[in-house]
Structures are given as structure tokens and as C-alpha cells.
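Input: a single structure, listed below in C-alpha cells.
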Amino acid sequence: MDIATDFAPFEEQVKAALINSTKSAGLVSSEDLNFHRSFSKDIAESVDEQSARLLNLTNSILKIATSGSDLEVPELHNEDEVEENWRGVVDVIDQLLEKADACLDEFTGIIKKLSPSQEERAALLSKGGATTHFPKAYDFGSSKVSKPQLLFNSPPNNQDTSPFKPLLRSKPHAITPLSASVGEADPNGNVYYKHPYETEIRNCTYPLSAYSISAPVEPKPFDTTKATFVDTLEGVHSMLAELKKATEIAIDLEHHDAHSYHGIVCLMQISTRNKDWVVDTLRPWREELQVLNEVFADPKILKVLHGSTMDIIWLQRDLGLYIVGLFDTFHAADALNYPKKNLKYLLEKFVNFEAQKKYQMADWRLRPLLPGMFDYARSDTHFLLYIYDCMRNELLENSTPDGNLVDYVLEKSKQEALQRYERPVYDAETGQGSGGWADMLVRSSNLFSKEQFAVFRAVHQWRDEVARSEDEGAQYVLSKSSLFKVAHAMPLEPASLFRTVSPVSTFVSARVLELIQVIKEAKIAGATGPELRDVLFPYKQTTDESKPATPVPPPQAETETRLVPAARAEVSQFWGSTLEQQPHPPVPVSDALAATAEAFLLSLPVPFMSAKVTERPIKEEPAASQPTAPEPTAAKPPPTNEVFTIKQFGAPKKRKISPSTDEVAGSDPSAETTTTTTVTAAKEVAADDTGSGSNTTNSENTENKAKRRCKDKKEKGASSGLQASSNKGDSADFEPFDYGNAESVLHANPVENNNKDKGYRGGQKQKQKRQFNPYAKAMDAPQGMRKAKKEIEGKSFTFR
């Protein structure tokens with residue numbers, strides 16, 4: 001049967017067989033087999049016979065399915081072994097599905113099949129006949145594409161942690177020789193290298209065309225022109241000959257780092273005013289592309305890139321290429337204060353071209369390239385020189401005598417070109433360095449106990465080592481979320497580890513026992529190990545400025561900088577000892593709870609609370625039987641136990657009211673009695689004179705008024721003296737306010753007073769008292785946004 005022409009009938013047969021088998025298995029499992037086995041001996045023998053037959057068939061299928069792989073085939077002899085080895089069966093099925101998926105991609109043309117040379121290399125590597133750091137040439141668990149780095153003349157060595165040495169073999173357009181870039185060796189013997197083109201970049205003089213306004217050169221139509229795909233050395237030299245004739249070129253790269261530890265430059269796009277090239281940088285001779293430095297390092301040729309921060313690094317790391325005379329349109333957009341600074345915005349603004357950004361995260365290792373991917377890569381540089389013309393003119397038009405925007409962009413571009421690649425190396429103990437775990441923890445809000453923190457560090461290091469040995473992305477070995485889950489759960493069995501990690505990569509599945517051992521050892525060591533805070537923030541620098549200001553010799557006059565442990569509180573100022581952990585708690589505390597309590601103890605953002613706020617000094621009062629000491633004549637604040645009223649310190653009263661005993665008691669009898677009496681008498685005289693309504697001069701009335709005033713004066717003086725003496729005596733006679741028998745405010749009974757009151761005009765009735773309602777203003781809060789009206793399907797548009 002021709003599978004290409006008769007695939008549809010074959011697919012229907014396979015589906016029908018699978019459906020029937022699934023139905024039969026479902027019917028069998030729904031019955032109570034144990035009951036039927038005990039009911040009939042013939043049924044028991046038949047079930048045992050069929051079970052043995054199915055187990056033999058399953059073992060044969062597993063052996064056939066794993067014949068070309070390194071998976072271990074489990075042996076199934078009974079029902080219990082099926083349960084115990086179920087994970088191994090699932091691994092075989094997953095591998096079959098991945099192979100089927102890859103074969104379908106090859107059949108449909110999405111992926112190009114392995115060339116004969118690749119197949120030979122893969123077979124050689126699988127037999128162990130070649131020395132390399134990468135044992136697998138085709139890993140179905142991580143990618144459907146073969147690893148092109150295995151075929152490079154100089155495969156990447158991820159185990160090398162020494163300083164990066166430039167790949168340059170020669171240095172075109174050199175001001176200083178290549179040997180001058182070799183730096184001094186450190187005490188460990190590591191030699192550090194300078195930027196080979198640092199002098200040339202700093203001394204670069206840009207062409208005069210970058211400082212003059214000229215009409216932009218229109219690009220050729222994108223649809224009617226084609227780009228040249230360069231995948232041979234002959235094509236590279238032919239392209240180089242044409243590039244030497246140009247005065248400006250545009251450059252861009254397509255990078256892939258998902259299935260490679262360091263990453264790979266997969267494509268390089270170069271455009272002039274008349275032509276476009278797409279260079280395949282995955283060829284084994286990729287380092288021969290250094291010949292392009294004859295153009296890339298030529299200061300007379302302007303190189304236009306957009307967002308060149310990573311492009312500069314990737315060119316150095318993979319191809320040994322350096323840029324002299326860079327103009328970065330990203331910094332031009334920044335100088336012109338554009339609302340957006342990405343290349344997509346510039347394409348839409350200047351040429352009204354919309355790039356297909358769905359290919360931005362595509363796997364650029366695919367060969368041959370899909371038509372959409374090829375057009376997307378070409379569009380990044382096809383219009384870039386025209387965009388440069390427009391932006392250069394705009395920069396010159398907006399420049400001032402004090403600030404030239406073109407100089408600003410060129411200086412920023414030089415700083416981009418001066419970047420130097422360094423290998424990602426980190427300290428496993430402190431987590432510092434590129435790709436280390438310290439930055440990962442600082443950016444997250446996870447709380448770890450000592451054991452969890454130790455497991456996190458150990459698993460992170462294990463992931464890094466596996467990614468280096470397999471030349472795979474660390475995220476595909478074990479994702480970041482799975483890394484934190486493993487640190488929190490600390491699984492000690494394969495089953496619990498598989499439940500924690502989702503999805504399970506082939507690297508975790510193949511090394512599950514190794515990872516479990518790493519977790520066990522880290523958990524034991526973490527019980528007596530350091531805490532998260534001690535490793536991330538161990539010390540702080542302080543400057544000793546407590547030296548005397550007197551002149552001292554120069555060596556001693558310098559301020560001393562020392563490292564001291566960061567200050568930490570053992571008990572929370574807000575929670576006190578509530579969260580304090582006991583050394584031996586009676587009830588086992590989970591690791592998550594322990595980490596949370598520890599974080600609360602040490603990380604609560606509660607400001608310092610002084611003793612003046614939290615404490616109030618208590619003074620002992622003298623006993624009633626002891627005589628009080630005579631007070632000095634100088635004015636002193638009243639004692640804290642003296643009885644006073646708010647009215648005493650309030651504003652003057654508007655109504656004519658005689659001073660009460662409380663008011664007089666709160667003041668000095670000798671000084672305040674006379675003043676109060678005089679003011680009261682003056683007010684009464686004024687009131688009597690005003691309210692009489694006549695101007696009588698009867699001597700009898702005047703004499704009577706004088707007698708009344710003298711009488712009131714004597715009575716008030718006596719009462720004030722009596723009250724003052726009682727205040728200085730025993731305070732037990734004072735009865736405090738009884739709050740228990742006071743009228744309730746929350747549950748007050750409404751009372752209506754029908755009597756007339758002179759205080760109300762016209763003798764109106766007193767208003768009824770309202771009962772206290774604590775929820776009276778509960779609905780006065782601002783209301784939120786109104787709920788948007790739900791769109792009804794089929795009513796969004798009107799069709800004609």
C-alpha cells in the first residue's frame with residue numbers, strides 16, 4: 001500500500017481498531033471480575049490466560065518501541081508490576097508520540113530530513129565513536145530539530161569557564177595590532193582579553209553624510225524584489241565584493257537560545273541600497289565569516305542597526321565580527337522622543353509596512369526556511385537605510401548649537417559597539433554572576449526555610465550542569481516555576497517529584513534518581529546551613545567617620561571602610577514574641593509555615609516605636625493620712641490627679657452664667673475668686689440696667705442692689721474656699737462617673753418631649769430623638785465602575 005496515496009483509508013482502519021479496543025477495555029473494567037472469578041472456575045482460568053497474553057503482547061510492543069533508543073524497558077509479569085512500572089510505560093508512549101509528531105512534520109515539509117552526513121554523524125555519536133560534549137544528536141524530548149552545533153568545525157564548549165578569548169585570526173583596518181588586546185593574567189592564571197577594536201571604535205570618524213540633510217533614498221518595492229540566500233563560501237565572497245562598494249549597509253541577526261545553553265546566531269541579514277542578503281550562519285564553516293570584518297570594521301562604511309545591544313554580543317561570540325562606525329536607530333528614536341522605539345513602530349511610521357511578528361519567536365534553526373520566515377527576516381533590513389535617512393534629517397532639524405542630536409546618537413552607538421562578551425559563570429555558593437540564582441530570588445517573593453533554600457541552590461546548580469552537558473536551554477531542562485515548586489515541596493521519591501514538576505522533561509525523567517539524591521543531600525545539609533537572608537544580604541559596608549577632626553598623618557586620615565553584619569531584630573516590634581519559634585516545638589511545624597513565620601519576624605515593615613508612645617510613666621500618689629507638702633509660690637502645672645473640666649479651658653461663655661463650683665475648684669482661690677466676682681457683678685449691672693427699660697434714679701433701688709452684690713460676693717467667696725479646701729483633702733469623697741448605669745448610646749430609646757420649651761421659638765415641640773445607627777453612612781462610599789454591557793453574539797455588526 002502506498003502510504004502517500006492511501007493514507008486516508010489506512011487512518012480510518014487504525015481509528016476503528018483503536019475505538020473497538022478502547023470500548024472492550026472499558027466494558028471489561030466496568031465489571032466485577034473478582035466476583036466472577038470466584039463464581040466460576042472456567043471464567044477465572046480464561047481471565048488468567050488472557051491477562052498473560054496481554055502482558056506478553058505489551059512486553060513485545062515495548063521492546064519494539066524502544067529498539068532504537070536508550071530507554072530502559074520494564075518487564076511486566078503481573079498486575080502489580082504494571083502499577084509499579086507505569087512511569088516507564090508512559091515514557092515509552094511519550095517517545096512514540098514525539099517520533100510520530102516529528103515524522104508528520106517531515107512528511108508535510110515543515111522540517112527537512114537529516115542529510116546523509118548528519119545521519120552518519122548521529123550514528124557515530126550514538127555509538128560513542130566521537131569525542132564530544134553532546135551525546136545526543138536528535139533529542140525528541142526537547143526539540144524536533146537536530147542540533148546544528150554538533151556539525152560546527154569548532155563545537156561550543158560549555159564546560160569552559162575561563163575568560164572569553166576573541167575568535168579573531170586577523171584584524172582588518174587596525175590602528176593597534178591584535179596582540180595588544182591580550183591582557184594580564186590573574187593569580188589563577190586566567191588571561192583576560194580587551195576589546196580588539198576598542199581603539200578603532202573610540203577614534204572612529206563618521207562620514208560627512210551623517211551630518212548633512214539630504215533627500216531620503218526610496219527603497220525598492222518589497223514585493224517585486226528578492227533577497228539572495230547565502231549558504232556557501234563562494235556566496236560569502238561574492239557578497240563581500242559588493243558590500244565593499246557601499247557607503248551604508250543595514251545589518252540584523254536572528255538568534256535562537258531555547259535549545260542551546262549559550263545560544264546560536266542562525267541568520268544574518270545584510271542590505272544595501274540596491275540588494276538584500278540572508279546569510280546562513282549555521283554552516284560548519286561559520287567562523288570563516290570573519291572575512292566580513294573588511295566591511296564591518298571599515299570606518300568609511302556606516303553600519304545601521306536597530307537595538308544592537310545583543311547583536312554586538314552575538315557577533316563577537318559566534319562569528320568573531322566587530323562593528324566600527326555604528327548608527328543605532330533605537331537611540332535616534334530615543335533622542336527624538338518617539339512614543340515607541342521598536343522596529344515595528346518605525347516600519348509603520350516611515351514606510352507603512354506591517355511586519356509579521358508571529359515569526360519573532362520562531363525556531364530559526366529550521367532549514368529550509370518557511371516563506372513567511374524568510375520575508376520577515378528580510379524586512380528587518382530592507383527598509384532600514386530609508387528609515388535612517390528620515391531620522392538623520394529629523395535629528396539635524398531638531399538640533400541646536402548647544403546640543404547636536406546626531407552627536408548624541410553616535411556617542412551612544414559607540415558605547416554599544418564597545419561591549420565585550422563574557423561567558424555566563426556564577427558562584428554556586430553566593431549565586432552571584434550571570435545566570436545565578438541570587439538575582440532570581442531577589443526578583444521573586446518566595447519564602448524559604450533553611451532546608452528549602454539549600455534545596456533551591458542545589459537543584460539550580462544541577463539544572464545548570466545538565467544544561468551545559470546537553471547543550472540545552474536551562475528552561476527546557478527544568479522550568480523556573482518547577483524549580484521553585486521542587487524547592488518548596490522537597491520531594492524525596494520519584495512519584496512525588498513527577499507530581500511536583502509539570503511538564504516533566506526527558507532530562508528530569510532520565511535523571512530522576514540523580515535529582516532525588518541531590519534533593520536529599522541538600523535537605524540534610526540545609527538543616528544546619530545558612531539562611532536565605534545571610535547569603536543574599538550578609539554584610540553591609542560602613543564608613544568609620546568617628547575619627548577626630550584634628551590633623552593626622554595621611555595614612556590615618558583616610559576613612560576606614562569595614563564590613564559589619566547587618567542589624568537584625570530577633571523579635572518583631574509589632575508582633576512581639578507571637579511568631580517566635582521555639583527550638584523544639586511540641587507540635588511539628590511544616591516547612592512552609594516555618595518559613596512564613598521567619599519571614600514575618602524579620603521582614604515586617606513596621607517603623608520603630610519609641611518608649612514615649614508605648615509606655616506611660618506611673619506616679620505614686622501620697623496616702624490620704626499623710627500631710628501634703630506646701631507648694632512653692634512659683635507657678636507650676638496642675639497635678640495629674642486634679643479634677644478639672646473642659647469648660648475651664650474653653651472660650652468665654654456667651655450666656656450669663658455664674659461660675660460653677662467645678663470651675664472655681666480648678667483655679668487658684670486667692671487670685672481667681674476676685675476676678676470672677678468682679679466680672680460677674682459687672683455683667684449683672686449691665687444686664688439690670690439694660691433690662692429695666694427706664695432711667696430711674698431712685699436711691700432705694702440703688703441701695704438694695706448694692707446690698708445684694710455684697711451678699712453674693714460673700715457667699716461666693718465662702719463656697720469657693722470650701723471647694724478649694726475639699727480638693728486638697730482626701731480624694732476618696734469624689735465619686736467617679738458610673739459607666740455601668742449610664743444610658744446606652746448605641747441602644748438609646750427614642751423619647752418625645754411634648755412640653756413646651758422656652759428655648760424653641762413659638763413653643764414648638766421638641767424633635768424626636770433618633771436612635772443611634774452605626775451603619776448610617778455605610779453607603780456613602782464612592783461607587784466603582786459600572787459593569788460593561790455584555791456583548792451579544794451575532795449583534796456586533798450589521799450585515800447587508
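Labels for the C-alpha cells follow display order: chains A, B, ..., residues from 1 in each chain, ligands from 1.
Taking only C-alpha atoms, the non-local environment of Lys244 of chain A within 10 Å (same-chain residues fewer than 6 positions away omitted) comprises Leu292, Glu294, Val295, Phe296, Asp298 and Ile301 of chain A.
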Problem - All alpha helix (DSSP H) residues (DSSP, backbone) inside segment 89-318 of chain A, as a ChimeraX atom specification - result: /A:89-108,116-126,198-202,233-243,293-296,309-314
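The shell of residues at most 9 Å from segment 492-499 of chain A, with only C-alpha atoms counted and near chain neighbours (fewer than 5 positions) removed, consists of Arg87, Val486, Val504, Val508, Ser509, Val512, Leu513, Ile516, Gln517, Ile519 and Lys520 of chain A.
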Just write the chosen residues, N, CA and C atoms, as a compact mmCIF listing (two decimals), in the first residue's frame.
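To be explicit, this is the file written out as result.txt:
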```txt
# COMPACT_ATOMS: atom_id res chain seq x y z
N ARG A 87 5.28 4.50 35.16
CA ARG A 87 6.01 5.66 34.67
C ARG A 87 6.90 5.30 33.51
N VAL A 486 9.86 22.54 43.34
CA VAL A 486 10.70 21.49 43.92
C VAL A 486 11.33 21.98 45.22
N VAL A 504 7.14 17.28 32.74
CA VAL A 504 8.39 16.57 33.03
C VAL A 504 9.20 16.46 31.75
N VAL A 508 14.80 15.37 33.16
CA VAL A 508 14.39 15.02 34.51
C VAL A 508 13.97 13.56 34.59
N SER A 509 13.28 13.09 33.58
CA SER A 509 12.84 11.69 33.57
C SER A 509 14.01 10.72 33.54
N VAL A 512 16.06 11.05 37.13
CA VAL A 512 15.21 11.27 38.29
C VAL A 512 15.88 10.82 39.58
N LEU A 513 16.55 9.68 39.56
CA LEU A 513 17.22 9.21 40.77
C LEU A 513 18.37 10.12 41.17
N ILE A 516 16.79 13.16 42.79
CA ILE A 516 16.29 12.84 44.13
C ILE A 516 17.44 12.81 45.13
N GLN A 517 18.58 12.26 44.73
CA GLN A 517 19.73 12.22 45.62
C GLN A 517 20.25 13.63 45.92
N ILE A 519 18.42 16.32 46.05
CA ILE A 519 17.47 16.93 46.98
C ILE A 519 17.68 16.41 48.40
N LYS A 520 17.89 15.10 48.54
CA LYS A 520 18.10 14.52 49.87
C LYS A 520 19.34 15.10 50.54
```
Handout entry: Contacts of Tyr426 of chain A within 10 Å, only C-alpha atoms, excl. fewer than 2 positions in-chain, as a PyMOL selection string
Key = chain A and resi 161+423-424+428-438+461
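The neighbours of Arg365 of chain A here are the residues that come within 9 Å of it, using only C-alpha atoms and leaving out any residue fewer than 6 positions away in the same chain; they are A:Val145, A:Ser146, A:Lys147, A:Pro148, A:His255, A:His256, A:Ile264, A:Cys266, A:Leu267, A:Leu282.
Atom CA of Asn293 of chain A is found 6.5 Å from atom CA of Pro172 of chain A.
For the atom pair formed by atom CA of Ser271 of chain A and atom CA of Arg420 of chain A, the distance is 25.2 Å, given to one decimal.
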Problem - Selection: 12 Å around Leu343 of chain A, only C-alpha atoms, excl. self and same-chain fewer than 4 positions, as a count of residues only - result: 30
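By only C-alpha atoms, and with residues fewer than 6 positions from Ile64 of chain A along its chain excluded, the set lying at most 12 Å from it is Leu57, Thr58, Leu71, Val73, Val92, Ile93 and Leu96 of chain A.
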Practice task
Find, counting only C-alpha atoms, the residue in A:Asn78, A:Ser212, A:Glu470, A:Met490 that gets nearest to Glu49 of chain A.
Solution key: A:Asn78
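From atom CA of Leu418 of chain A back to atom CA of Tyr322 of chain A, the distance works out to 9.1 Å.
Of the listed residues (A:Phe448, A:Trp314, A:Phe327, A:Tyr192), A:Phe327 comes nearest to Lys412 of chain A; the distances count only C-alpha atoms.
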Exercise for the section: Using DSSP on the backbone coordinates, identify all residues within segment 71-287 of chain A classified as strand (DSSP E); present the result as a ChimeraX atom specification. Expected result: /A:182-185,191-193,228-230,248-256,264-271,276-280
